[in-house]
>>> print(open('upload-v6.cif').read())   # mmCIF, C-alpha atoms and all ligand atoms
data_coords
#
loop_
_atom_site.label_atom_id
_atom_site.label_comp_id
_atom_site.auth_asym_id
_atom_site.auth_seq_id
_atom_site.Cartn_x
_atom_site.Cartn_y
_atom_site.Cartn_z
CA MET B 27 105.37 83.17 140.71
CA THR B 28 104.51 80.31 138.42
CA THR B 29 104.05 77.18 140.44
CA PRO B 30 104.60 73.65 139.20
CA GLN B 31 100.81 73.16 139.58
CA GLN B 32 100.29 75.43 136.58
CA HIS B 33 102.25 73.09 134.32
CA PRO B 34 102.15 69.92 136.42
CA ALA B 35 103.03 67.38 133.73
CA LEU B 36 105.83 69.55 132.39
CA ALA B 37 107.23 70.22 135.86
CA ALA B 38 107.25 66.50 136.62
CA ALA B 39 108.76 65.41 133.32
CA ASP B 40 111.25 68.22 132.78
CA PRO B 41 111.73 70.55 135.75
CA GLU B 42 114.55 72.38 134.00
CA LEU B 43 112.37 73.34 131.05
CA ALA B 44 109.38 74.08 133.32
CA ALA B 45 111.54 76.51 135.27
CA LEU B 46 112.47 78.33 132.06
CA VAL B 47 108.81 78.62 131.07
CA GLY B 48 108.03 79.97 134.54
CA ALA B 49 110.86 82.48 134.27
CA GLU B 50 109.58 83.67 130.90
CA GLU B 51 106.07 84.06 132.34
CA ARG B 52 107.51 86.18 135.12
CA LEU B 53 109.57 88.26 132.67
CA GLN B 54 106.54 88.91 130.45
CA ALA B 55 104.48 89.83 133.51
CA ASP B 56 107.00 92.21 135.09
CA THR B 57 108.28 94.13 132.08
CA LEU B 58 106.89 96.82 129.81
CA ARG B 59 106.99 95.07 126.45
CA LEU B 60 107.23 97.61 123.65
CA ILE B 61 108.37 95.46 120.72
CA PRO B 62 105.67 96.38 118.17
CA SER B 63 105.47 92.91 116.63
CA GLU B 64 104.77 91.22 119.97
CA ASN B 65 101.62 90.91 122.04
CA TYR B 66 99.90 88.84 124.73
CA VAL B 67 97.51 86.18 123.44
CA SER B 68 94.42 85.39 125.45
CA ALA B 69 94.22 82.31 127.66
CA ALA B 70 91.81 80.82 125.09
CA VAL B 71 94.30 81.24 122.23
CA LEU B 72 97.04 79.78 124.41
CA GLU B 73 94.89 76.77 125.31
CA ALA B 74 93.88 76.13 121.69
CA SER B 75 97.52 76.11 120.62
CA GLY B 76 98.38 73.44 123.18
CA THR B 77 95.78 70.81 122.30
CA VAL B 78 95.82 67.25 120.90
CA LEU B 79 95.28 68.75 117.45
CA GLN B 80 99.09 68.73 117.62
CA ASN B 81 98.99 64.94 117.10
CA LYS B 82 97.39 64.94 113.67
CA TYR B 83 98.80 65.02 110.14
CA SER B 84 96.51 66.73 107.61
CA GLU B 85 98.33 67.30 104.34
CA GLY B 86 95.90 68.81 101.85
CA TYR B 87 92.88 71.00 102.46
CA PRO B 88 89.45 70.38 104.07
CA GLY B 89 87.68 67.62 102.12
CA ARG B 90 90.84 66.92 100.06
CA ARG B 91 93.35 65.35 102.45
CA TYR B 92 96.02 62.72 101.99
CA TYR B 93 95.40 61.27 105.47
CA GLU B 94 92.25 59.85 107.07
CA GLY B 95 90.77 60.79 110.44
CA GLN B 96 90.11 64.41 109.51
CA GLN B 97 86.51 64.56 110.84
CA ASN B 98 87.38 67.25 113.36
CA ILE B 99 90.43 68.83 111.74
CA ASP B 100 88.52 69.69 108.57
CA GLN B 101 85.99 71.58 110.68
CA VAL B 102 88.72 73.38 112.61
CA GLU B 103 90.41 74.58 109.44
CA THR B 104 87.10 75.52 107.82
CA LEU B 105 86.17 77.59 110.88
CA ALA B 106 89.48 79.47 110.65
CA VAL B 107 89.11 80.02 106.90
CA GLU B 108 85.51 81.25 107.12
CA ARG B 109 86.32 83.57 110.02
CA ALA B 110 89.29 85.04 108.13
CA LYS B 111 87.16 85.62 105.03
CA ALA B 112 84.42 87.34 107.02
CA LEU B 113 86.77 89.47 109.12
CA PHE B 114 88.92 90.74 106.23
CA GLY B 115 86.20 90.81 103.55
CA VAL B 116 88.01 88.51 101.11
CA ASP B 117 86.94 85.64 98.82
CA HIS B 118 89.67 83.24 99.83
CA ALA B 119 91.87 82.51 102.84
CA ASN B 120 94.66 79.99 103.34
CA VAL B 121 95.49 79.60 107.05
CA GLN B 122 98.26 77.02 106.66
CA PRO B 123 101.50 79.05 106.21
CA TYR B 124 103.80 78.34 109.15
CA SER B 125 104.72 82.01 109.54
CA GLY B 126 105.17 85.25 107.62
CA SER B 127 108.31 84.35 105.68
CA PRO B 128 106.92 81.03 104.35
CA ALA B 129 103.68 82.84 103.49
CA ASN B 130 105.59 85.40 101.42
CA LEU B 131 107.69 82.67 99.79
CA ALA B 132 104.46 80.99 98.72
CA VAL B 133 103.41 84.23 97.02
CA TYR B 134 106.63 84.24 94.95
CA LEU B 135 106.16 80.58 94.12
CA ALA B 136 102.62 81.31 92.93
CA PHE B 137 103.40 84.34 90.75
CA ALA B 138 107.10 84.44 89.77
CA GLN B 139 109.91 82.32 88.34
CA PRO B 140 113.49 82.34 89.64
CA GLY B 141 115.33 85.30 88.08
CA ASP B 142 112.18 87.39 87.67
CA THR B 143 112.18 90.97 88.92
CA VAL B 144 110.28 91.57 92.15
CA MET B 145 109.87 94.79 94.08
CA GLY B 146 109.46 95.77 97.72
CA MET B 147 110.53 98.27 100.31
CA ALA B 148 114.20 98.09 101.27
CA LEU B 149 114.78 96.50 104.69
CA PRO B 150 116.65 99.51 106.15
CA MET B 151 113.80 101.77 105.02
CA GLY B 152 111.24 99.74 106.97
CA GLY B 153 110.55 96.80 104.63
CA HIS B 154 110.98 93.10 105.37
CA LEU B 155 113.69 90.61 104.44
CA THR B 156 111.24 88.68 102.28
CA HIS B 157 110.34 91.72 100.17
CA GLY B 158 113.35 91.09 97.94
CA TRP B 159 116.22 92.13 100.22
CA GLY B 160 119.58 90.74 99.10
CA VAL B 161 120.48 88.44 102.00
CA SER B 162 117.06 86.74 101.78
CA ALA B 163 116.33 83.97 99.27
CA THR B 164 113.77 86.40 97.84
CA GLY B 165 116.56 88.79 96.88
CA SER B 166 118.95 86.16 95.55
CA TRP B 167 116.59 83.80 93.70
CA PHE B 168 114.73 86.80 92.28
CA ARG B 169 116.01 90.16 91.08
CA GLY B 170 114.90 92.44 93.89
CA VAL B 171 114.43 96.13 93.20
CA GLN B 172 113.75 98.25 96.22
CA TYR B 173 111.98 101.49 97.03
CA GLY B 174 112.24 103.56 100.18
CA VAL B 175 111.01 106.57 102.05
CA ARG B 176 111.77 110.22 101.35
CA PRO B 177 114.93 111.62 102.92
CA GLY B 178 114.96 114.84 104.90
CA ALA B 179 112.90 116.50 107.57
CA ALA B 180 109.59 115.02 108.65
CA SER B 181 107.99 118.45 108.15
CA GLU B 182 108.86 118.15 104.44
CA GLY B 183 107.61 114.58 103.99
CA GLY B 184 110.82 112.87 105.14
CA GLY B 185 110.29 109.31 106.39
CA ARG B 186 107.18 108.77 104.23
CA ILE B 187 106.93 106.40 101.27
CA ASP B 188 108.16 108.04 98.10
CA PHE B 189 105.34 107.20 95.65
CA ASP B 190 107.09 108.97 92.77
CA GLN B 191 109.99 106.56 93.25
CA VAL B 192 107.63 103.57 93.58
CA ARG B 193 105.86 104.46 90.33
CA ASP B 194 109.04 105.25 88.36
CA LEU B 195 110.70 102.05 89.52
CA ALA B 196 107.64 99.90 88.80
CA LEU B 197 107.25 101.30 85.26
CA LYS B 198 110.97 101.01 84.53
CA GLU B 199 111.56 97.55 86.02
CA ARG B 200 108.13 95.94 85.35
CA PRO B 201 108.32 93.61 88.40
CA LYS B 202 106.18 90.48 88.44
CA VAL B 203 105.30 91.08 92.09
CA ILE B 204 105.20 94.26 94.20
CA PHE B 205 105.10 94.07 97.98
CA CYS B 206 103.77 96.91 100.10
CA GLY B 207 103.86 96.94 103.89
CA GLY B 208 106.79 96.37 106.20
CA THR B 209 108.15 96.11 109.70
CA ALA B 210 109.07 99.67 110.67
CA LEU B 211 106.46 101.87 109.00
CA PRO B 212 104.82 104.29 111.40
CA ARG B 213 102.41 105.74 108.85
CA THR B 214 99.18 104.65 107.14
CA ILE B 215 99.83 102.60 104.01
CA ASP B 216 98.03 104.00 100.96
CA PHE B 217 96.89 100.73 99.42
CA ALA B 218 94.87 102.55 96.72
CA ALA B 219 98.02 104.36 95.51
CA PHE B 220 99.95 101.08 95.38
CA GLY B 221 97.00 99.48 93.56
CA GLU B 222 97.07 102.09 90.81
CA ILE B 223 100.82 101.66 90.31
CA ALA B 224 100.56 97.86 90.23
CA ARG B 225 97.77 97.98 87.65
CA GLU B 226 99.73 100.44 85.52
CA SER B 227 102.87 98.30 85.62
CA GLY B 228 101.12 94.93 85.33
CA ALA B 229 102.40 93.54 88.65
CA VAL B 230 100.71 91.31 91.18
CA LEU B 231 100.32 93.50 94.28
CA VAL B 232 100.79 91.95 97.71
CA ALA B 233 99.97 93.80 100.94
CA ASP B 234 102.05 92.36 103.76
CA VAL B 235 99.95 93.57 106.67
CA ALA B 236 101.62 91.43 109.34
CA HIS B 237 102.13 94.41 111.64
CA ILE B 238 98.74 96.03 111.17
CA ALA B 239 96.37 93.08 110.63
CA GLY B 240 94.74 93.64 114.01
CA LEU B 241 94.32 97.34 113.30
CA ILE B 242 92.67 96.51 109.97
CA ALA B 243 90.40 93.92 111.60
CA GLY B 244 89.45 96.47 114.24
CA GLY B 245 88.85 99.30 111.78
CA ALA B 246 91.81 101.38 112.97
CA HIS B 247 93.70 101.21 109.64
CA PRO B 248 92.25 101.16 106.09
CA SER B 249 91.89 97.70 104.58
CA PRO B 250 93.85 96.58 101.51
CA ALA B 251 90.89 94.42 100.39
CA GLY B 252 89.77 95.57 96.97
CA HIS B 253 93.07 97.35 96.23
CA VAL B 254 95.54 94.45 96.17
CA ASP B 255 95.74 90.97 94.69
CA VAL B 256 97.00 89.18 97.78
CA ILE B 257 97.03 89.96 101.50
CA SER B 258 99.78 88.26 103.48
CA THR B 259 99.82 88.44 107.24
CA THR B 260 101.19 86.82 110.33
CA THR B 261 98.62 86.12 113.00
CA HIS B 262 100.62 86.91 116.13
CA LYS B 263 101.19 90.65 116.12
CA THR B 264 98.37 93.19 116.48
CA LEU B 265 95.94 90.40 115.52
CA ARG B 266 96.80 88.76 118.88
CA GLY B 267 96.77 85.17 117.68
CA PRO B 268 99.33 82.34 117.74
CA ARG B 269 102.59 82.30 115.77
CA GLY B 270 101.25 81.60 112.29
CA ALA B 271 100.23 83.26 109.04
CA MET B 272 97.51 83.56 106.42
CA LEU B 273 97.28 84.38 102.74
CA MET B 274 94.08 85.97 101.48
CA SER B 275 92.95 86.92 97.98
CA ARG B 276 90.21 87.23 95.46
CA GLU B 277 88.89 83.92 94.09
CA GLU B 278 90.96 84.17 90.90
CA HIS B 279 94.21 83.67 92.86
CA ALA B 280 92.93 81.01 95.26
CA LYS B 281 94.19 77.96 93.36
CA ALA B 282 97.67 79.35 92.72
CA LEU B 283 98.16 80.34 96.36
CA ASP B 284 96.84 77.06 97.77
CA LYS B 285 99.06 75.06 95.42
CA ALA B 286 102.08 77.14 96.40
CA VAL B 287 101.54 76.65 100.16
CA PHE B 288 100.84 72.90 99.81
CA PRO B 289 102.36 70.96 98.14
CA GLY B 290 104.65 73.73 96.83
CA LEU B 291 106.39 74.71 100.06
CA GLN B 292 104.97 72.97 103.07
CA GLY B 293 103.87 69.59 104.36
CA GLY B 294 101.17 69.12 106.96
CA PRO B 295 99.61 72.19 108.51
CA HIS B 296 100.11 72.82 112.23
CA ASN B 297 96.54 72.05 113.28
CA GLN B 298 96.97 73.31 116.84
CA THR B 299 98.00 76.66 115.37
CA THR B 300 95.08 76.63 112.94
CA ALA B 301 92.75 76.15 115.92
CA ALA B 302 94.34 79.03 117.81
CA ILE B 303 94.08 81.24 114.68
CA ALA B 304 90.35 80.42 114.56
CA VAL B 305 89.98 81.49 118.19
CA ALA B 306 91.95 84.71 117.63
CA LEU B 307 89.82 85.55 114.58
CA ARG B 308 86.66 85.05 116.62
CA GLU B 309 88.05 87.36 119.30
CA ALA B 310 89.03 89.91 116.65
CA SER B 311 85.46 90.00 115.34
CA GLN B 312 84.05 91.15 118.70
CA PRO B 313 83.23 94.82 119.42
CA SER B 314 85.82 94.81 122.23
CA PHE B 315 88.55 94.17 119.66
CA ARG B 316 87.55 97.31 117.75
CA ASP B 317 88.04 99.19 121.02
CA TYR B 318 91.41 97.46 121.45
CA ALA B 319 92.62 98.36 117.93
CA HIS B 320 91.64 102.02 118.33
CA ALA B 321 93.21 102.14 121.80
CA VAL B 322 96.50 100.78 120.37
CA VAL B 323 96.62 103.69 117.92
CA ALA B 324 95.52 106.29 120.51
CA ASN B 325 98.24 105.06 122.87
CA ALA B 326 100.90 105.18 120.15
CA ARG B 327 99.89 108.73 119.20
CA ALA B 328 99.96 109.86 122.85
CA LEU B 329 103.32 108.18 123.38
CA ALA B 330 104.72 109.82 120.25
CA GLU B 331 103.56 113.25 121.45
CA ALA B 332 105.12 112.69 124.87
CA LEU B 333 108.42 111.61 123.27
CA LEU B 334 108.45 114.59 120.90
CA ALA B 335 107.89 116.87 123.90
CA ARG B 336 111.06 115.36 125.40
CA GLY B 337 113.13 116.11 122.31
CA PHE B 338 113.09 112.66 120.67
CA ASP B 339 113.45 112.55 116.88
CA LEU B 340 110.71 110.30 115.45
CA VAL B 341 110.98 109.02 111.88
CA SER B 342 108.23 110.75 109.85
CA GLY B 343 107.55 112.96 112.87
CA GLY B 344 105.11 110.65 114.63
CA THR B 345 102.79 107.73 114.01
CA ASP B 346 99.39 106.80 112.55
CA ASN B 347 99.45 103.23 113.79
CA HIS B 348 100.90 101.06 116.59
CA LEU B 349 104.58 101.75 115.91
CA ILE B 350 107.14 104.47 116.60
CA LEU B 351 110.64 104.54 115.12
CA ILE B 352 113.04 106.69 117.13
CA ASP B 353 116.27 108.06 115.66
CA LEU B 354 118.56 108.45 118.67
CA THR B 355 121.30 110.29 116.78
CA PRO B 356 120.47 113.66 118.42
CA LYS B 357 120.57 111.97 121.85
CA GLN B 358 124.08 110.68 121.06
CA VAL B 359 123.20 107.18 122.28
CA PRO B 360 123.45 104.32 119.72
CA GLY B 361 120.28 102.26 119.31
CA LYS B 362 121.85 99.07 120.63
CA VAL B 363 123.23 100.75 123.75
CA ALA B 364 119.81 102.30 124.40
CA ALA B 365 117.93 99.02 123.78
CA LYS B 366 120.15 97.09 126.17
CA ALA B 367 119.86 99.78 128.87
CA LEU B 368 116.08 99.90 128.44
CA ASP B 369 116.03 96.11 128.82
CA ARG B 370 117.88 96.46 132.14
CA ALA B 371 115.24 99.04 133.11
CA GLY B 372 112.43 96.54 132.39
CA ILE B 373 111.42 98.16 129.10
CA VAL B 374 111.76 95.72 126.20
CA VAL B 375 112.37 97.23 122.75
CA ASN B 376 114.46 96.33 119.72
CA TYR B 377 117.28 98.32 118.17
CA ASN B 378 116.53 99.17 114.58
CA THR B 379 117.98 100.90 111.56
CA VAL B 380 116.41 104.22 110.63
CA PRO B 381 116.06 105.31 106.98
CA TYR B 382 119.42 106.43 105.53
CA ASP B 383 121.16 105.13 108.67
CA PRO B 384 124.93 105.74 108.52
CA ARG B 385 125.42 102.98 111.11
CA LYS B 386 125.38 99.19 110.56
CA PRO B 387 122.21 97.06 111.05
CA PHE B 388 123.77 95.24 114.03
CA ASP B 389 124.63 98.59 115.65
CA PRO B 390 122.10 101.05 114.24
CA SER B 391 120.94 104.53 115.19
CA GLY B 392 117.42 103.77 116.28
CA ILE B 393 115.02 101.85 118.42
CA ARG B 394 111.56 100.62 117.41
CA ILE B 395 108.71 100.64 119.90
CA GLY B 396 104.97 100.01 119.81
CA THR B 397 101.82 99.80 121.88
CA PRO B 398 100.07 96.46 121.11
CA SER B 399 101.23 94.69 124.28
CA LEU B 400 100.77 97.50 126.78
CA THR B 401 97.29 98.13 125.38
CA SER B 402 96.45 94.44 125.89
CA ARG B 403 97.30 95.03 129.57
CA GLY B 404 94.83 97.90 129.80
CA LEU B 405 97.24 100.83 129.78
CA THR B 406 95.62 103.97 128.37
CA THR B 407 96.67 107.34 126.99
CA ASP B 408 96.86 108.54 130.61
CA HIS B 409 99.89 106.26 131.11
CA MET B 410 101.83 107.31 128.00
CA ASP B 411 103.52 110.35 129.51
CA GLN B 412 104.91 108.11 132.24
CA VAL B 413 106.12 105.59 129.64
CA ALA B 414 107.86 108.37 127.69
CA GLU B 415 109.42 109.70 130.89
CA TRP B 416 110.86 106.23 131.67
CA ILE B 417 112.24 105.89 128.14
CA ASP B 418 113.78 109.37 128.39
CA ARG B 419 115.32 108.65 131.80
CA ALA B 420 116.67 105.26 130.71
CA VAL B 421 118.15 106.55 127.43
CA THR B 422 119.79 109.46 129.27
CA ALA B 423 121.10 107.01 131.89
CA ALA B 424 122.42 104.76 129.10
CA GLY B 425 124.47 107.66 127.77
CA LYS B 426 126.01 108.23 131.19
CA GLY B 427 126.40 104.60 132.29
CA ASP B 428 124.03 105.36 135.19
CA GLU B 429 122.95 101.87 136.32
CA GLU B 430 121.30 103.18 139.50
CA THR B 431 118.68 105.07 137.47
CA LEU B 432 118.02 101.97 135.35
CA ARG B 433 117.39 99.96 138.54
CA THR B 434 115.01 102.65 139.83
CA VAL B 435 113.07 102.71 136.55
CA ARG B 436 112.88 98.91 136.58
CA ALA B 437 111.23 98.95 140.01
CA GLU B 438 108.74 101.64 138.95
CA VAL B 439 107.90 99.70 135.78
CA ALA B 440 107.34 96.49 137.77
CA ASP B 441 104.92 98.35 140.08
CA LEU B 442 102.79 99.57 137.19
CA MET B 443 102.86 96.16 135.52
CA ALA B 444 101.74 94.47 138.74
CA ALA B 445 98.65 96.65 138.67
CA HIS B 446 97.86 95.61 135.07
CA PRO B 447 97.95 91.81 134.75
CA ALA B 448 98.76 90.44 131.32
CA PRO B 449 96.19 88.37 129.44
CA GLY B 450 97.05 84.70 129.22
CA LEU B 451 99.70 84.72 131.93
CA PRO B 452 99.18 82.57 135.02
CA VAL B 453 100.87 85.09 137.31
N1 LIG Q 1 110.36 90.00 113.05
C1 LIG Q 1 109.17 90.75 112.69
C2 LIG Q 1 109.15 92.08 113.35
O1 LIG Q 1 109.62 92.18 114.47
O2 LIG Q 1 108.66 93.04 112.78
C3 LIG Q 1 109.01 90.86 111.23
O3 LIG Q 1 109.11 89.62 110.66
#
>>> encode(input="upload-v6.cif", output="structure tokens", more="lines below")
Ligand code: DSN
Amino acid sequence: MTTPQQHPALAAADPELAALVGAEERLQADTLRLIPSENYVSAAVLEASGTVLQNKYSEGYPGRRYYEGQQNIDQVETLAVERAKALFGVDHANVQPYSGSPANLAVYLAFAQPGDTVMGMALPMGGHLTHGWGVSATGSWFRGVQYGVRPGAASEGGGRIDFDQVRDLALKERPKVIFCGGTALPRTIDFAAFGEIARESGAVLVADVAHIAGLIAGGAHPSPAGHVDVISTTTHKTLRGPRGAMLMSREEHAKALDKAVFPGLQGGPHNQTTAAIAVALREASQPSFRDYAHAVVANARALAEALLARGFDLVSGGTDNHLILIDLTPKQVPGKVAAKALDRAGIVVNYNTVPYDPRKPFDPSGIRIGTPSLTSRGLTTDHMDQVAEWIDRAVTAAGKGDEETLRTVRAEVADLMAAHPAPGLPV
């Protein structure tokens, strides 16, 4: 249990809020967190993000600020920038975007005008809202054209990016900007193939590697550096940093990107986040992080195999990275029903559309799971059969309204979690 001593000032000033923080710490400790975009940051990252750097305004960039008193802040930001450049092998890094969506908006601001054609993967196919999807500003202020994955059986290439479609669309529509990457892509992204298409069609190519940045840093996924114009990423997913984002590029795009982030879109950077990004980047440059990144992928592959053995239908037939997208149609349990039952069983996932989903996004056919968090807790491939068995039991129980089984699974999950403490949690 979290005690008031762990957040003494907060507990004294606002016991109600302190209790909620304690409850969240307990929840994160006790449950099997499988949302692929979440993780556990280290205690060091957590500490850095809660420092007095919070108190400082720093509009501008190191050495070129609009406020005085930047003696320390300039060094903090420079550390983060230099570490990002070294880790990802890029000329330029901007660590100020508040999160992934503002980072992507800055890319549009840098390279497109309202009304221009932009291209990305459709959201229901595994893309992101900010890749030109209609309900996002990026799909209403720009003319978004969207590619997807191949339909049909995984054994015939179903669920994989359709590069013929990407190329045809790019040459026909001549978008100013092409985004590759997404939020529900279980397979390796072929940045070289996207690079060729972007060069042929004259587009600026952006790799949104938010989900796989940690895998790239750890050498468990090919890097987009050298193939794309801009790399956009959040810092809080597989990279295991604070909630933030970065834009990286070759030198030729540095000015345009910096100008778009500030003063184009944002005011002062969140210096406490910049500091925590710097810490996370240092951690990600250690040999142990390479082991972590490879373990994330090994766990996902083992989990996918164990799910396939239990008759689950996986989009694209499996995974190459940290993420598994399950189509529950053959199990006759809607994704939302399954996700809510799994939550009651102590297994936290999100419901998700699957490609060509006949159901609505708020009540789709699938669930999306991933291994970044459980790997941070030290779970290995030896545990993945057990994880698949729990998912199978809980989904079956969801279909039958069997709450007793969900309670049993929850207790078993809590036992395993107790044996594998989570980084950064005071419990
Ligand atoms: N919300 C993030 C995810 O869960 O993938 C993407 O922005």
>>> atom_distance(input="upload-v6.cif", atom1="CA of Arg213 in chain B", atom2="CA of Thr345 in chain B")
5.5 Å
>>> closest_residue(input="upload-v6.cif", among="B:Ala440, B:Gly270, B:Trp416, B:Ala423", to="Ser75 in chain B", atoms="only C-alpha atoms")
B:Gly270
>>> closest_residue(input="upload-v6.cif", among="B:Pro398, B:Gly337, B:Pro248, B:Gly165", to="Ile417 in chain B", atoms="all atoms listed in the file")
B:Gly337
>>> residues_near_ligand(input="upload-v6.cif", ligand="ligand LIG 1 (chain Q)", cutoff="8 Å", atoms="only C-alpha atoms and all ligand atoms", output="list in words")
Ile61, Pro62, Ser63, Glu64, Gly126, Ser127, His154, Leu155, Gly208, Thr209, Ala210, Ala236 and His237 of chain B
>>> atom_distance(input="upload-v6.cif", atom1="CA of His296 in chain B", atom2="CA of Ala319 in chain B")
27.2 Å
>>> residues_around(input="upload-v6.cif", residues="range 77-81 of chain B", least_positions_apart="3", cutoff="12 Å", atoms="only C-alpha atoms", output="ChimeraX atom specification")
/B:70-74,84,95-103,294-302
>>> residues_around(input="upload-v6.cif", residues="Thr397 in chain B", least_positions_apart="6", cutoff="8 Å", atoms="all atoms listed in the file", output="PyMOL selection string")
chain B and resi 60-62+322-323+325-326+348-349
>>> closest_residue(input="upload-v6.cif", among="B:Lys263, B:Lys285, B:His279, B:Arg419", to="Pro123 in chain B", atoms="all atoms listed in the file")
B:Lys285
